[in-house]
>>> print(open('input-v5.txt').read())   # compact mmCIF, C-alpha atoms and all ligand atoms
# COMPACT_ATOMS: atom_id res chain seq x y z
CA MET A 1 18.66 175.54 25.43
CA VAL A 2 15.34 175.67 23.61
CA VAL A 3 12.08 175.69 25.53
CA ILE A 4 9.92 172.91 24.11
CA GLY A 5 6.75 173.68 25.99
CA ASP A 6 5.81 171.03 28.48
CA ALA A 7 7.99 168.08 27.54
CA HIS A 8 5.59 165.80 29.35
CA ARG A 9 2.57 166.89 27.40
CA GLY A 10 3.93 167.35 23.93
CA THR A 11 3.96 170.31 21.53
CA ALA A 12 7.53 169.81 20.47
CA VAL A 13 9.15 172.57 18.42
CA LEU A 14 10.51 171.32 15.11
CA ASP A 15 12.67 174.18 13.99
CA ARG A 16 15.35 174.60 16.59
CA PRO A 17 18.28 176.75 15.47
CA ASP A 18 20.19 176.27 18.70
CA GLU A 19 19.44 172.56 18.90
CA LEU A 20 23.14 171.75 19.29
CA ASP A 21 22.96 173.22 22.76
CA ASP A 22 20.22 170.83 23.80
CA ASP A 23 21.18 167.82 25.82
CA LEU A 24 20.54 164.48 24.20
CA PHE A 25 17.70 163.42 26.47
CA THR A 26 15.81 166.59 25.50
CA VAL A 27 16.20 165.52 21.86
CA ALA A 28 14.93 162.01 22.66
CA VAL A 29 11.88 163.43 24.46
CA GLN A 30 11.18 165.76 21.54
CA GLN A 31 11.16 162.85 19.12
CA PHE A 32 8.89 160.97 21.52
CA ASP A 33 6.51 163.94 21.78
CA ILE A 34 6.18 164.24 18.00
CA ALA A 35 5.20 160.57 17.72
CA ALA A 36 2.94 160.71 20.80
CA ASP A 37 1.07 163.60 19.15
CA VAL A 38 0.59 161.55 15.98
CA LEU A 39 -0.71 158.64 18.07
CA GLY A 40 -2.89 160.77 20.34
CA LEU A 41 -1.26 159.01 23.30
CA GLU A 42 -3.01 159.28 26.67
CA ASP A 43 -1.60 161.96 28.93
CA TYR A 44 -0.61 159.59 31.77
CA LEU A 45 1.29 157.34 29.34
CA ARG A 46 3.17 160.35 28.01
CA ARG A 47 4.24 161.16 31.54
CA ILE A 48 5.35 157.59 32.25
CA LEU A 49 7.21 156.98 29.00
CA SER A 50 8.97 160.34 28.83
CA HIS A 51 10.86 159.43 32.03
CA CYS A 52 13.51 156.80 32.66
CA GLN A 53 12.45 154.23 35.23
CA ARG A 54 15.83 154.03 36.95
CA GLU A 55 19.00 156.14 36.74
CA LEU A 56 22.06 154.83 38.50
CA THR A 57 25.30 156.82 38.81
CA VAL A 58 28.36 155.30 40.43
CA HIS A 59 31.80 156.70 41.22
CA PHE A 60 34.46 154.09 41.63
CA PRO A 61 38.24 153.86 42.06
CA VAL A 62 40.59 152.03 39.71
CA GLU A 63 44.22 151.30 40.43
CA MET A 64 46.29 152.33 37.40
CA ASP A 65 49.45 150.63 36.14
CA ASP A 66 51.69 153.28 37.77
CA GLY A 67 50.15 152.62 41.19
CA SER A 68 48.03 155.78 41.23
CA VAL A 69 44.28 155.64 41.86
CA GLN A 70 41.74 157.33 39.60
CA VAL A 71 38.04 157.74 40.26
CA PHE A 72 35.64 157.25 37.33
CA ALA A 73 31.94 158.06 36.89
CA GLY A 74 29.70 155.40 35.40
CA HIS A 75 25.98 155.09 34.73
CA ARG A 76 23.42 152.41 34.06
CA VAL A 77 19.96 153.64 33.12
CA ARG A 78 16.83 151.60 32.57
CA HIS A 79 14.16 153.38 30.56
CA SER A 80 11.31 150.87 30.71
CA SER A 81 10.95 147.27 31.82
CA LEU A 82 7.33 147.00 30.64
CA PRO A 83 8.01 144.37 27.92
CA GLY A 84 10.50 142.26 29.91
CA PRO A 85 14.14 142.41 30.97
CA THR A 86 15.96 145.51 29.76
CA LYS A 87 18.70 145.49 27.14
CA GLY A 88 21.35 147.85 25.94
CA GLY A 89 25.05 148.38 25.50
CA ILE A 90 27.76 149.90 27.65
CA ARG A 91 29.99 152.59 26.16
CA TYR A 92 33.36 153.88 27.25
CA HIS A 93 33.85 157.45 26.05
CA GLN A 94 35.16 160.70 27.46
CA SER A 95 31.94 162.53 26.59
CA VAL A 96 29.54 160.15 28.38
CA THR A 97 26.94 162.01 30.46
CA ILE A 98 23.84 160.88 32.31
CA SER A 99 21.67 162.77 29.79
CA GLU A 100 23.29 160.88 26.90
CA VAL A 101 22.85 157.52 28.64
CA LYS A 102 19.19 158.31 29.39
CA ALA A 103 18.53 159.15 25.72
CA LEU A 104 20.29 155.99 24.58
CA ALA A 105 18.27 153.92 27.08
CA MET A 106 15.00 155.39 25.81
CA TRP A 107 16.03 154.69 22.21
CA MET A 108 16.76 151.07 23.19
CA THR A 109 13.16 150.69 24.37
CA TRP A 110 11.86 151.92 21.03
CA LYS A 111 14.46 149.93 19.06
CA CYS A 112 13.53 146.63 20.71
CA ALA A 113 9.83 147.39 20.17
CA VAL A 114 10.26 148.30 16.47
CA VAL A 115 11.73 144.87 15.70
CA GLY A 116 9.49 143.05 18.20
CA LEU A 117 12.01 141.85 20.82
CA PRO A 118 10.75 140.97 24.32
CA TYR A 119 12.92 143.61 26.00
CA GLY A 120 12.72 147.10 27.41
CA GLY A 121 15.57 149.55 26.96
CA ALA A 122 18.65 150.33 29.04
CA LYS A 123 22.12 151.75 28.52
CA GLY A 124 25.35 152.13 30.42
CA GLY A 125 28.42 154.25 30.09
CA VAL A 126 31.68 155.13 31.79
CA GLN A 127 33.20 158.55 31.31
CA VAL A 128 36.68 157.57 30.18
CA ASN A 129 38.88 157.73 27.10
CA PRO A 130 39.84 154.05 26.88
CA LYS A 131 42.44 154.83 24.21
CA LEU A 132 44.57 156.33 27.01
CA LEU A 133 44.32 153.17 29.18
CA SER A 134 46.26 149.89 29.04
CA GLN A 135 44.38 146.58 28.62
CA ASN A 136 45.03 145.86 32.28
CA GLU A 137 43.54 149.20 33.33
CA ILE A 138 40.49 148.64 31.09
CA GLN A 139 40.04 145.23 32.70
CA ASN A 140 40.23 146.71 36.23
CA LEU A 141 37.80 149.48 35.29
CA THR A 142 35.37 146.99 33.72
CA ARG A 143 35.41 144.62 36.69
CA ARG A 144 34.88 147.38 39.25
CA TYR A 145 32.10 149.04 37.21
CA THR A 146 30.44 145.60 36.91
CA ALA A 147 30.63 145.11 40.67
CA GLU A 148 29.00 148.53 41.18
CA ILE A 149 26.05 147.80 38.86
CA GLN A 150 25.82 144.07 39.69
CA PRO A 151 22.60 144.28 41.78
CA PHE A 152 20.81 145.79 38.80
CA ILE A 153 21.90 143.42 36.00
CA GLY A 154 21.20 139.73 35.29
CA PRO A 155 19.77 137.51 32.54
CA ASN A 156 16.20 138.24 33.68
CA ILE A 157 16.83 141.82 34.84
CA ASP A 158 19.04 143.88 32.55
CA ILE A 159 21.48 142.50 29.99
CA PRO A 160 24.44 144.66 28.85
CA ALA A 161 26.17 144.39 25.46
CA PRO A 162 28.94 146.15 23.54
CA ASP A 163 28.60 149.75 22.38
CA VAL A 164 31.09 152.51 21.50
CA ASN A 165 34.64 151.40 22.53
CA THR A 166 33.55 148.16 24.21
CA ASN A 167 33.98 144.72 22.65
CA PRO A 168 33.68 140.94 23.24
CA GLN A 169 36.68 140.98 25.61
CA VAL A 170 35.00 143.62 27.80
CA MET A 171 31.84 141.49 27.79
CA ALA A 172 33.90 138.45 28.87
CA TRP A 173 35.23 140.42 31.88
CA ILE A 174 31.71 141.52 32.82
CA MET A 175 30.43 137.95 32.54
CA ASP A 176 33.36 136.63 34.59
CA THR A 177 33.02 139.26 37.33
CA TYR A 178 29.27 138.71 37.63
CA SER A 179 29.74 134.92 37.63
CA MET A 180 32.49 134.96 40.26
CA ASN A 181 30.33 137.09 42.54
CA VAL A 182 27.26 134.85 42.31
CA GLY A 183 29.34 131.67 42.45
CA TYR A 184 28.43 130.03 39.11
CA SER A 185 28.81 130.87 35.41
CA VAL A 186 26.03 133.01 33.96
CA PRO A 187 26.55 133.35 30.18
CA GLY A 188 23.15 135.04 29.76
CA VAL A 189 24.15 138.13 31.79
CA VAL A 190 25.71 139.83 28.75
CA THR A 191 25.58 139.48 24.97
CA GLY A 192 28.27 140.19 22.44
CA LYS A 193 30.55 137.70 24.23
CA PRO A 194 33.44 135.93 22.50
CA LEU A 195 32.22 132.83 20.62
CA GLU A 196 34.02 130.43 22.97
CA LEU A 197 32.11 131.82 25.98
CA GLY A 198 28.70 131.36 24.35
CA GLY A 199 28.67 134.33 22.00
CA SER A 200 26.53 134.05 18.90
CA ALA A 201 27.81 133.47 15.40
CA GLY A 202 27.22 136.66 13.44
CA ARG A 203 26.92 138.97 16.48
CA SER A 204 29.97 141.11 15.81
CA GLU A 205 28.83 141.88 12.24
CA ALA A 206 25.13 142.13 13.15
CA THR A 207 24.73 145.92 13.41
CA GLY A 208 26.40 146.54 10.05
CA ARG A 209 24.68 143.58 8.42
CA GLY A 210 21.24 144.60 9.71
CA CYS A 211 21.85 148.12 8.44
CA VAL A 212 22.67 146.82 4.96
CA PHE A 213 19.54 144.60 4.99
CA ALA A 214 17.59 147.80 5.75
CA ILE A 215 19.32 149.63 2.88
CA GLU A 216 18.52 146.75 0.50
CA GLU A 217 14.82 147.05 1.35
CA ALA A 218 14.81 150.83 1.02
CA ALA A 219 16.64 150.69 -2.32
CA LYS A 220 14.18 148.08 -3.60
CA SER A 221 11.13 150.13 -2.67
CA ARG A 222 12.67 153.27 -4.19
CA GLY A 223 13.77 151.57 -7.41
CA MET A 224 17.49 152.18 -6.76
CA SER A 225 20.20 149.70 -7.65
CA LEU A 226 22.96 149.33 -5.08
CA SER A 227 25.62 148.76 -7.73
CA SER A 228 25.00 152.21 -9.19
CA SER A 229 24.75 153.86 -5.75
CA ARG A 230 27.84 155.38 -4.15
CA THR A 231 28.18 154.96 -0.38
CA ALA A 232 29.84 157.15 2.27
CA VAL A 233 30.34 155.89 5.82
CA GLN A 234 31.08 158.18 8.77
CA GLY A 235 32.73 156.02 11.44
CA PHE A 236 34.88 153.00 10.59
CA GLY A 237 34.33 151.08 13.83
CA ASN A 238 32.39 147.88 14.40
CA ALA A 239 29.17 148.93 12.67
CA GLY A 240 30.62 151.24 10.00
CA SER A 241 33.45 149.03 8.75
CA VAL A 242 31.12 146.02 8.38
CA ALA A 243 28.43 148.09 6.64
CA ALA A 244 31.07 149.48 4.25
CA LYS A 245 32.38 146.00 3.47
CA LEU A 246 28.89 144.60 2.83
CA MET A 247 27.98 147.56 0.61
CA ALA A 248 31.15 146.92 -1.41
CA GLU A 249 30.08 143.25 -1.71
CA HIS A 250 26.88 144.57 -3.30
CA ASP A 251 29.14 146.35 -5.84
CA SER A 252 28.34 149.77 -4.39
CA PRO A 253 31.43 151.98 -4.74
CA VAL A 254 32.34 153.09 -1.21
CA VAL A 255 33.68 156.56 -1.97
CA ALA A 256 34.36 157.89 1.53
CA VAL A 257 34.94 156.59 5.07
CA SER A 258 36.09 158.27 8.28
CA ASP A 259 36.99 157.62 11.89
CA SER A 260 37.46 159.83 14.95
CA ARG A 261 40.66 161.35 13.46
CA GLY A 262 39.20 162.27 10.03
CA GLY A 263 38.08 160.85 6.71
CA ILE A 264 39.17 159.97 3.19
CA HIS A 265 37.48 160.40 -0.20
CA ASN A 266 38.03 158.80 -3.58
CA PRO A 267 35.19 159.42 -6.07
CA ASN A 268 36.10 156.21 -7.92
CA GLY A 269 35.67 154.03 -4.81
CA LEU A 270 38.08 152.94 -2.08
CA ASP A 271 39.83 149.59 -1.81
CA LEU A 272 38.54 148.75 1.68
CA ASP A 273 41.02 145.96 2.35
CA ARG A 274 43.87 148.37 1.77
CA VAL A 275 42.13 151.02 3.90
CA ALA A 276 41.82 148.49 6.73
CA ILE A 277 45.53 147.62 6.48
CA HIS A 278 46.39 151.35 6.55
CA LYS A 279 44.19 151.86 9.63
CA ARG A 280 45.76 148.90 11.43
CA ARG A 281 49.21 150.31 10.68
CA THR A 282 48.60 153.99 11.50
CA GLY A 283 45.58 153.92 13.83
CA SER A 284 43.38 155.89 11.41
CA VAL A 285 41.96 155.81 7.89
CA SER A 286 43.21 159.35 7.27
CA GLY A 287 46.44 159.75 5.35
CA PHE A 288 45.51 156.85 3.03
CA ARG A 289 47.53 157.47 -0.14
CA GLU A 290 44.88 156.53 -2.72
CA ALA A 291 42.39 159.14 -1.46
CA GLU A 292 42.04 162.75 -0.47
CA ASP A 293 41.80 163.60 3.24
CA ILE A 294 38.47 165.14 4.34
CA THR A 295 36.94 166.06 7.68
CA ASN A 296 34.15 164.32 9.57
CA GLU A 297 31.87 167.25 8.67
CA GLU A 298 32.76 167.10 4.96
CA ILE A 299 32.01 163.39 4.65
CA LEU A 300 28.35 164.05 5.44
CA GLU A 301 28.08 166.38 2.45
CA ILE A 302 30.02 164.25 -0.03
CA ASP A 303 28.50 163.35 -3.42
CA CYS A 304 26.91 159.94 -2.85
CA GLU A 305 23.55 158.18 -2.95
CA ILE A 306 23.78 156.34 0.39
CA LEU A 307 25.12 157.92 3.56
CA ILE A 308 25.72 155.76 6.63
CA PRO A 309 26.40 157.77 9.80
CA ALA A 310 28.04 155.12 12.00
CA ALA A 311 29.84 157.24 14.59
CA LEU A 312 28.37 159.31 17.39
CA GLU A 313 25.16 161.28 17.92
CA GLY A 314 24.43 164.88 16.88
CA GLN A 315 26.09 164.80 13.43
CA ILE A 316 23.25 165.88 11.11
CA THR A 317 21.55 169.04 12.32
CA SER A 318 19.58 171.91 10.85
CA ARG A 319 22.96 173.54 10.13
CA ASN A 320 24.11 170.97 7.54
CA ALA A 321 20.93 169.02 6.57
CA SER A 322 20.25 171.25 3.57
CA ARG A 323 23.68 170.42 2.09
CA ILE A 324 23.42 166.64 2.27
CA LYS A 325 23.42 165.05 -1.20
CA ALA A 326 22.59 161.41 -0.38
CA GLN A 327 19.17 159.99 -1.27
CA ILE A 328 19.13 157.45 1.57
CA ILE A 329 20.57 157.98 5.05
CA ALA A 330 20.90 154.74 7.02
CA GLU A 331 21.65 155.45 10.69
CA ALA A 332 24.02 152.80 11.97
CA ALA A 333 24.87 155.17 14.85
CA ASN A 334 22.45 156.03 17.62
CA GLY A 335 21.00 159.54 17.47
CA PRO A 336 23.02 161.02 14.58
CA THR A 337 20.17 163.26 13.36
CA SER A 338 18.42 166.07 15.24
CA PRO A 339 14.64 166.64 15.01
CA GLY A 340 15.26 169.93 13.16
CA ALA A 341 17.34 168.09 10.54
CA ASP A 342 14.66 165.38 10.22
CA THR A 343 12.17 167.98 9.01
CA ILE A 344 14.60 169.46 6.48
CA LEU A 345 15.56 166.04 5.13
CA PHE A 346 11.91 164.97 4.88
CA ASP A 347 11.01 168.16 2.99
CA ARG A 348 13.93 167.56 0.62
CA GLY A 349 12.74 164.00 -0.09
CA ILE A 350 15.78 162.35 1.52
CA PHE A 351 14.78 158.98 2.90
CA VAL A 352 16.06 158.37 6.44
CA LEU A 353 16.25 154.85 7.83
CA PRO A 354 16.18 155.82 11.52
CA ASP A 355 18.58 154.42 14.11
CA ILE A 356 15.89 152.60 16.09
CA PHE A 357 15.27 150.51 12.99
CA ALA A 358 18.46 150.71 10.91
CA ASN A 359 20.87 149.66 13.68
CA ALA A 360 18.52 147.19 15.39
CA GLY A 361 20.48 144.27 13.90
CA GLY A 362 22.91 144.41 16.83
CA VAL A 363 20.34 143.99 19.56
CA THR A 364 18.39 141.49 17.45
CA VAL A 365 21.36 139.15 17.29
CA SER A 366 22.00 139.91 20.97
CA TYR A 367 18.51 138.55 21.54
CA PHE A 368 19.41 135.45 19.51
CA GLU A 369 22.55 135.08 21.65
CA TRP A 370 20.52 135.36 24.86
CA VAL A 371 18.03 132.73 23.62
CA GLN A 372 20.93 130.42 22.66
CA ALA A 373 22.49 130.93 26.13
CA LEU A 374 19.23 130.21 27.97
CA GLN A 375 18.67 127.07 25.89
CA ALA A 376 22.37 126.11 25.77
CA PHE A 377 21.80 125.37 22.08
CA PRO A 378 23.88 127.25 19.49
CA TRP A 379 22.65 128.20 16.00
CA SER A 380 24.66 128.32 12.80
CA GLU A 381 25.72 131.65 11.30
CA GLU A 382 23.37 131.01 8.35
CA GLN A 383 20.41 130.59 10.75
CA VAL A 384 21.37 133.79 12.58
CA ASN A 385 21.71 135.83 9.38
CA GLU A 386 18.52 134.47 7.82
CA ARG A 387 16.47 135.20 10.96
CA LEU A 388 18.01 138.65 11.12
CA ARG A 389 17.15 139.33 7.48
CA ASP A 390 13.58 138.17 8.07
CA ILE A 391 13.14 140.50 11.07
CA MET A 392 14.66 143.50 9.27
CA GLN A 393 12.49 142.92 6.18
CA ARG A 394 9.26 142.54 8.13
CA SER A 395 10.02 145.54 10.34
CA TYR A 396 10.81 147.65 7.27
CA VAL A 397 7.46 146.84 5.70
CA SER A 398 5.55 147.68 8.86
CA VAL A 399 7.41 150.97 9.48
CA LEU A 400 6.92 151.98 5.83
CA GLU A 401 3.18 151.21 6.09
CA THR A 402 2.93 153.31 9.24
CA SER A 403 4.77 156.18 7.56
CA ARG A 404 2.31 156.10 4.63
CA LYS A 405 -0.72 155.75 6.88
CA TYR A 406 0.13 158.86 8.94
CA GLY A 407 2.06 160.81 6.28
CA VAL A 408 5.14 161.04 8.52
CA HIS A 409 8.82 160.31 8.01
CA MET A 410 10.30 156.94 8.89
CA ARG A 411 11.61 158.02 12.32
CA THR A 412 8.24 159.16 13.52
CA ALA A 413 6.66 156.07 11.94
CA ALA A 414 9.08 153.76 13.75
CA LEU A 415 8.46 155.64 17.01
CA VAL A 416 4.69 155.47 16.53
CA ARG A 417 4.86 151.68 16.18
CA ALA A 418 7.21 151.32 19.13
CA ILE A 419 5.34 153.64 21.48
CA ASP A 420 2.03 152.04 20.62
CA ARG A 421 3.43 148.62 21.48
CA ILE A 422 4.96 149.74 24.80
CA ALA A 423 1.83 151.72 25.71
CA ASP A 424 -0.20 148.54 25.23
CA PHE A 425 1.96 146.73 27.79
CA SER A 426 1.21 149.49 30.28
CA ARG A 427 -2.52 149.57 29.54
CA THR A 428 -2.77 145.80 29.97
CA ARG A 429 -0.46 145.42 32.96
CA GLY A 430 -1.96 148.43 34.76
CA ILE A 431 -0.25 150.65 37.32
CA TYR A 432 1.22 148.92 40.39
CA PRO A 433 -0.03 148.82 43.14
N1 LIG B 1 24.81 148.83 21.70
C1 LIG B 1 23.99 148.29 20.67
C2 LIG B 1 22.84 149.21 20.34
O1 LIG B 1 22.91 150.40 20.58
C3 LIG B 1 23.55 146.85 20.98
C4 LIG B 1 22.74 146.69 22.22
C5 LIG B 1 22.50 145.24 22.61
O2 LIG B 1 22.89 144.36 21.86
O3 LIG B 1 21.93 145.02 23.67
O4 LIG B 1 21.85 148.82 19.79
>>> encode(input="input-v5.txt", output="structure tokens", more="lines below")
Ligand code: GLU
Amino acid sequence: MVVIGDAHRGTAVLDRPDELDDDLFTVAVQQFDIAADVLGLEDYLRRILSHCQRELTVHFPVEMDDGSVQVFAGHRVRHSSLPGPTKGGIRYHQSVTISEVKALAMWMTWKCAVVGLPYGGAKGGVQVNPKLLSQNEIQNLTRRYTAEIQPFIGPNIDIPAPDVNTNPQVMAWIMDTYSMNVGYSVPGVVTGKPLELGGSAGRSEATGRGCVFAIEEAAKSRGMSLSSSRTAVQGFGNAGSVAAKLMAEHDSPVVAVSDSRGGIHNPNGLDLDRVAIHKRRTGSVSGFREAEDITNEEILEIDCEILIPAALEGQITSRNASRIKAQIIAEAANGPTSPGADTILFDRGIFVLPDIFANAGGVTVSYFEWVQALQAFPWSEEQVNERLRDIMQRSYVSVLETSRKYGVHMRTAALVRAIDRIADFSRTRGIYP
């Protein structure tokens, strides 16, 4: 673990050789400190915003299909409710920790602020490998976890959504459990619901689509053409597979993709429809006949112009940043790049579209879904996608301007904008009581 001075007062250390040992919340606070220094943020606001407002941990039993009972740990963390209700996904993964959920909650605050949504940030997670559970067990786990966090969620309080290994069906169970307990249907309690329960058109593709809108803007301002840019995507889940498909629709050869079991590479471009069929059949992209198998580490260093990390956090660090060949890195995942790697990439002229901007399409369309639920008035997919494009384009311009104004990379620029906005809420609202 690296000592970063007083995390509440700043002076973050950029070059951190043992950064992999740091927990994720330490990384999130380091990023915050760098931006707070640039902004000259007041000391008391640094202390407020470098903490999470509420951290809930629950342990709860689930009856398994064989009649045994297992106890799971779950979390729901709210970083800041200054702008309004809090928003953020729920993930099911064996490596979930409270530190990870706190970092993800803090990033949600900044993400919502970067694109101007009226939300603070939150996140939830259950420490479980859902791939080892049956659908029935996942349903039981979801309903009991919902019951445990129920007092702290609601359409005006905190609104969950899908994240790693959760999907519209899981959201439907959360909505149903919450609704049964209060005695009436509350579609606005979660987003990312199935369409027939009041989900939004375009929500399931929104993270990948927003990421590609961000790439389009970056390519335009850097004079790159997408059709002559090769793309590599680490993570072939909800965000990554959609981003890959949309890049291919822009005629960008997608030369490599991967999932949790490994990756594949074909320098001439992959046929993504055939890759998807292979993955459905075998459970993984690896072993695809028309490509060479590679590892999840190798895919990051593949020859390409656009790299989309769309898997988990902590992938690009000071250990591999100097070997990355891409010109643009678009972070569809949350937290894939460490602060040490950010500095190396910036010095090498690699343009990073940071997670709190590049993957904000998901929560933006979640916001649209929430508005549609509150008004009971659905929008068309074209309206959703056009409004999403507009928000991504405007946010890109303002983050780029901030980066030029302060001479900082896009992550710090996005954080500067977000922190400034949230700090203003605090200055104006004052400290209660
Ligand atoms: N889990 C997604 C994210 O990290 C979406 C959150 C939401 O829609 O509330 O941005």
>>> closest_atom_pairs(input="input-v5.txt", of="chain A", to="ligand LIG 1 (chain B)", cutoff="6 Å", atoms="all atoms listed in the file", output="tab-separated table")
residue	atom	partner	partner_atom	distance
A:Lys87	CA	B:LIG1	O3	4.8
A:Gly88	CA	B:LIG1	O3	3.7
A:Gly89	CA	B:LIG1	N1	3.8
A:Pro160	CA	B:LIG1	O3	5.8
A:Ala161	CA	B:LIG1	O3	4.6
A:Pro162	CA	B:LIG1	N1	5.3
A:Asp163	CA	B:LIG1	N1	4.0
A:Ala360	CA	B:LIG1	O4	5.8
A:Gly362	CA	B:LIG1	C3	4.9
A:Val363	CA	B:LIG1	O2	3.5
A:Ser366	CA	B:LIG1	O2	4.6
>>> atom_distance(input="input-v5.txt", atom1="CA of Ser398 in chain A", atom2="CA of Lys111 in chain A")
13.7 Å
>>> atom_distance(input="input-v5.txt", atom1="CA of Asn129 in chain A", atom2="CA of Ile159 in chain A")
23.3 Å
>>> residues_near_point(input="input-v5.txt", point="(20.0, 157.7, 8.2)", cutoff="12 Å", atoms="only C-alpha atoms", output="PyMOL selection string")
chain A and resi 211-212+214-215+218+232-234+300+305-311+313+315-316+321+324+326-338+341-342+345-346+350-359+409-411
>>> residues_near_point(input="input-v5.txt", point="(5.2, 160.6, 30.9)", cutoff="12 Å", atoms="all atoms listed in the file", output="CSV table (one decimal) with C-alpha atoms, keeping the file's coordinate frame")
chain,number,residue,atom,x,y,z
A,6,ASP,CA,5.8,171.0,28.5
A,7,ALA,CA,8.0,168.1,27.5
A,8,HIS,CA,5.6,165.8,29.4
A,9,ARG,CA,2.6,166.9,27.4
A,10,GLY,CA,3.9,167.4,23.9
A,29,VAL,CA,11.9,163.4,24.5
A,32,PHE,CA,8.9,161.0,21.5
A,33,ASP,CA,6.5,163.9,21.8
A,36,ALA,CA,2.9,160.7,20.8
A,41,LEU,CA,-1.3,159.0,23.3
A,42,GLU,CA,-3.0,159.3,26.7
A,43,ASP,CA,-1.6,162.0,28.9
A,44,TYR,CA,-0.6,159.6,31.8
A,45,LEU,CA,1.3,157.3,29.3
A,46,ARG,CA,3.2,160.4,28.0
A,47,ARG,CA,4.2,161.2,31.5
A,48,ILE,CA,5.4,157.6,32.2
A,49,LEU,CA,7.2,157.0,29.0
A,50,SER,CA,9.0,160.3,28.8
A,51,HIS,CA,10.9,159.4,32.0
A,52,CYS,CA,13.5,156.8,32.7
A,53,GLN,CA,12.4,154.2,35.2
A,79,HIS,CA,14.2,153.4,30.6
A,80,SER,CA,11.3,150.9,30.7
A,419,ILE,CA,5.3,153.6,21.5
A,423,ALA,CA,1.8,151.7,25.7
A,426,SER,CA,1.2,149.5,30.3
>>> closest_residue(input="input-v5.txt", among="A:Val38, A:Ala256, A:Met392, A:Val58", to="Arg76 in chain A", atoms="all atoms listed in the file")
A:Val58
>>> residues_around(input="input-v5.txt", residues="Gln94 in chain A", least_positions_apart="2", cutoff="7 Å", atoms="all atoms listed in the file", output="ChimeraX atom specification")
/A:96,127-129
>>> residues_around(input="input-v5.txt", residues="Val384 in chain A", least_positions_apart="2", cutoff="8 Å", atoms="only C-alpha atoms", output="list of chain:residue names")
A:Ala201, A:Gly202, A:Val365, A:Phe368, A:Trp379, A:Ser380, A:Glu381, A:Glu382, A:Glu386, A:Arg387, A:Leu388
>>> closest_residue(input="input-v5.txt", among="A:Val71, A:Val255, A:Ala291, A:Leu104", to="Ile90 in chain A", atoms="all atoms listed in the file")
A:Leu104
>>> closest_residue(input="input-v5.txt", among="A:Ala206, A:Val254, A:Leu141, A:Leu117", to="Val242 in chain A", atoms="only C-alpha atoms")
A:Ala206
>>> atom_distance(input="input-v5.txt", atom1="CA of His278 in chain A", atom2="CA of Ile138 in chain A")
25.4 Å
>>> closest_residue(input="input-v5.txt", among="A:Pro194, A:Arg323, A:Asn140, A:Phe152", to="Thr177 in chain A", atoms="all atoms listed in the file")
A:Asn140
>>> closest_residue(input="input-v5.txt", among="A:Ser179, A:Ser200, A:Ser258, A:Asn268", to="Gly287 in chain A", atoms="all atoms listed in the file")
A:Ser258
>>> closest_residue(input="input-v5.txt", among="A:Gly116, A:Gly154, A:Pro187, A:Pro433", to="Ala418 in chain A", atoms="all atoms listed in the file")
A:Gly116
>>> residues_around(input="input-v5.txt", residues="Ile157 in chain A", least_positions_apart="3", cutoff="12 Å", atoms="all atoms listed in the file", output="ChimeraX atom specification")
/A:78,80-88,119-122,149-154,160,188-190
